[in-house]
Structure formats: structure tokens, C-alpha cells
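Visitor: I have a structure here, written as C-alpha cells, and I will follow up with some questions on it.
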2 protein chains.
Amino acid sequence: MEERQALAAFGALSQETRLRILRLLVVAGPEGLASGVIADQAEVPASNVSFHIKELERAGLVASRRESRSILYSVDFEALNGLVRFLMEDCCAGQIGLCVDVDRAVMCGNT
Amino acid sequence: MEERQALAAFGALSQETRLRILRLLVVAGPEGLASGVIADQAEVPASNVSFHIKELERAGLVASRRESRSILYSVDFEALNGLVRFLMEDCCAGQIGLCVDVDRAVMCGNT
DNA sequence: CTTTCGATTCTACATTTGTAGGATTGTTGA
DNA sequence: TCAACAATCCTACAAATGTAGAATCGAAAG
């Protein structure tokens, strides 16, 4: 994952409302959710959901597809995985063992 | 890791200058770096480094200790590890296998 | 004690971000 | 075709963020 995208992704995750939206989408799975549903569940005005969804899309964390009248938004799990790996590389760089806690089943195999 | 801290940490990582500083500190290891050294290496004015370091500290990602005239800043690897785990939990929640790519040696043992 | 030097704080400013009501667009079912 | 409905766009505004020079603070060396 490129730094540019990682910066955008971190920015996207650094906002309460957006994190809440992302979590709803993670739980919803590949099926995704319509923005009206998101607005209801997150208790946020529709225009606001649009604003934040756009941000999540710009960051490459969320994809959309039309389904009849609704547009369904879903997490790009590939991108989320890429972000985890990006973070781990920064975390591990020359310091594996300092940051990774193998006992808790979080492993970094890079380098 | 609490959501509050994770939000702050993501925010801290979402800024180019801060990410650069964090990487310098990751490479430097537990020993840490003085802010003057950071300013030189990152090519950023000293006041700016102070500003961003404060942000990284507030996010709990960086710790400091005095060493003679200088103050040495170092990464809190524990916190960085916690952030990776936080991200994985969001990423995995009910969807293990969709997001985690075991072949590339990134594993999530939660749940 | 005083000078030096590393680091922060102050200040001012431009830019970006977040919020939300209302208007608009566009798809679908009647 | 047209009424309904979902979602975005427009707008205005408040708040937070990022930048950097200048002033200040504080520890340590002499």
C-alpha cells in the first residue's frame, strides 16, 4: 500500500462518525448497507453520511454498487488488510519483537 | 485499546510530517531521538516538530525522557502494537478470512 | 552566575474538516 | 408520465489543524 493511500485511510479512521460507519459496514459484510440504513443505525443526518462515505471511498476503504433504488456500500477488506500490513511494517521496521506480541497470536512475517 | 485512543492514534498517523517523524523514531528504536535531530532529518522547522511531537504524545504513540540537555523521544511500541490489534479487530469482526491473508503471514487469532 | 543551547510556547494566519438544512438529481413503481 | 423515494449536492458556518518566525524557558557547561 502506498503512503498516500495509507495517510488517507488513517485520516478516514480518525473520525468518530466514520469509524462508526466503517464498523457497521464491517459487520454487514460484503453485502453492504444502503446509506439510509447507515444514517438510521449511526443516528446521523443523511447529508452527513454522504459526506463521510465519500471520505471513506476516497480513502479506498469502501466500495459501492447500485442495487435497485439503493446504493449499497461495503468495506474493501483487501484495502483494510493492506492498511494493517502497512502499519505493521512501520511498527516492525528493524524492530520485530519489540512491537509484535506473538503470544497474543498477532504475527508479522515480513523481513 | 480504547476507541478514544485509537481515534487519536489514527489522527496522529494521518499527517505526512507526523508519519515521517514516527518512522524516524521507529528506526531509531527504544533509544529515541532528540527533537533537533528529528528537525534536521525530517527537514521541518523546530517549532513544527514540537507541535507534531506533542500530537504523537497526546495519541500515546510516543514517549519522552530527558537526557542531559536533550529530550529523547521514542516510540511506544506497546501502543503501536495495540493499534494494530484494534485495527484487526475492526477488520476481522465476524469476517475473518475475508480480510486476513494468511498466505502472506499476517494472522489474526482473535475470536 | 552567566552564557549557551536545545526545546517549547506564542502568535498570526491559511487551510481543512465537520455539521446540517434545504434543494436537486435520478431511479423505480404505479 | 408522474409520484415516491433514496441519495447526493449546495450552501453556510463553526471548529480544528498545520505552518513557521520570534520570543521565551530551562538545564547544563564554563
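Identifiers in this document derive from the order of the C-alpha cells: chains are assigned A, B, ..., residues are numbered from 1 separately in each chain, and ligands are numbered from 1 in order of occurrence.
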Using only C-alpha atoms (C1' of nucleotides), what table do you get, as a tab-separated table, when you list each residue of chain A with an atom no more than 10 Å from chain C, its nearest pair of atoms, and their distance in Å rounded to one decimal, rows by chain then rising number?

Guide:
residue	atom	partner	partner_atom	distance
A:Gln15	CA	C:DG18	C1'	9.5
A:Thr17	CA	C:DG18	C1'	10.0
A:Val44	CA	C:DA20	C1'	9.7
A:Pro45	CA	C:DA20	C1'	7.1
A:Ala46	CA	C:DA20	C1'	9.1
A:Ser47	CA	C:DA20	C1'	7.2
A:Asn48	CA	C:DT19	C1'	7.1
A:Phe51	CA	C:DG18	C1'	9.1
A:His52	CA	C:DG18	C1'	9.3
A:Ser68	CA	C:DT27	C1'	7.6
A:Arg69	CA	C:DT27	C1'	5.8
A:Ser70	CA	C:DT27	C1'	8.9

Visitor: As a ChimeraX atom specification, which residues of chain B does DSSP assign to strand (DSSP E)?

Guide: /B:33-34,62-67,70-75,106-108

Visitor: In terms of the shortest atom-to-atom distance over only C-alpha atoms (C1' of nucleotides), which of D:DA23, D:DA16, D:DC5, D:DA29 is closest to chain A?

Guide: D:DC5

Visitor: For a quick test of understanding: name the residues of chain D lying within 10 Å of chain B when counting only C-alpha atoms (C1' of nucleotides), and present them as a list of chain:residue names.

Guide: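 Here is what falls inside 10 Å: D:DG18, D:DT19, D:DA20, D:DG21, D:DG26, D:DA27, D:DA28.
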
Visitor: So that I can check the secondary structure, give me every residue of chain A assigned helix (DSSP H, G or I) by backbone DSSP, as a ChimeraX atom specification.

Guide: /A:3-13,16-31,35-42,46-58,77-92,102-104
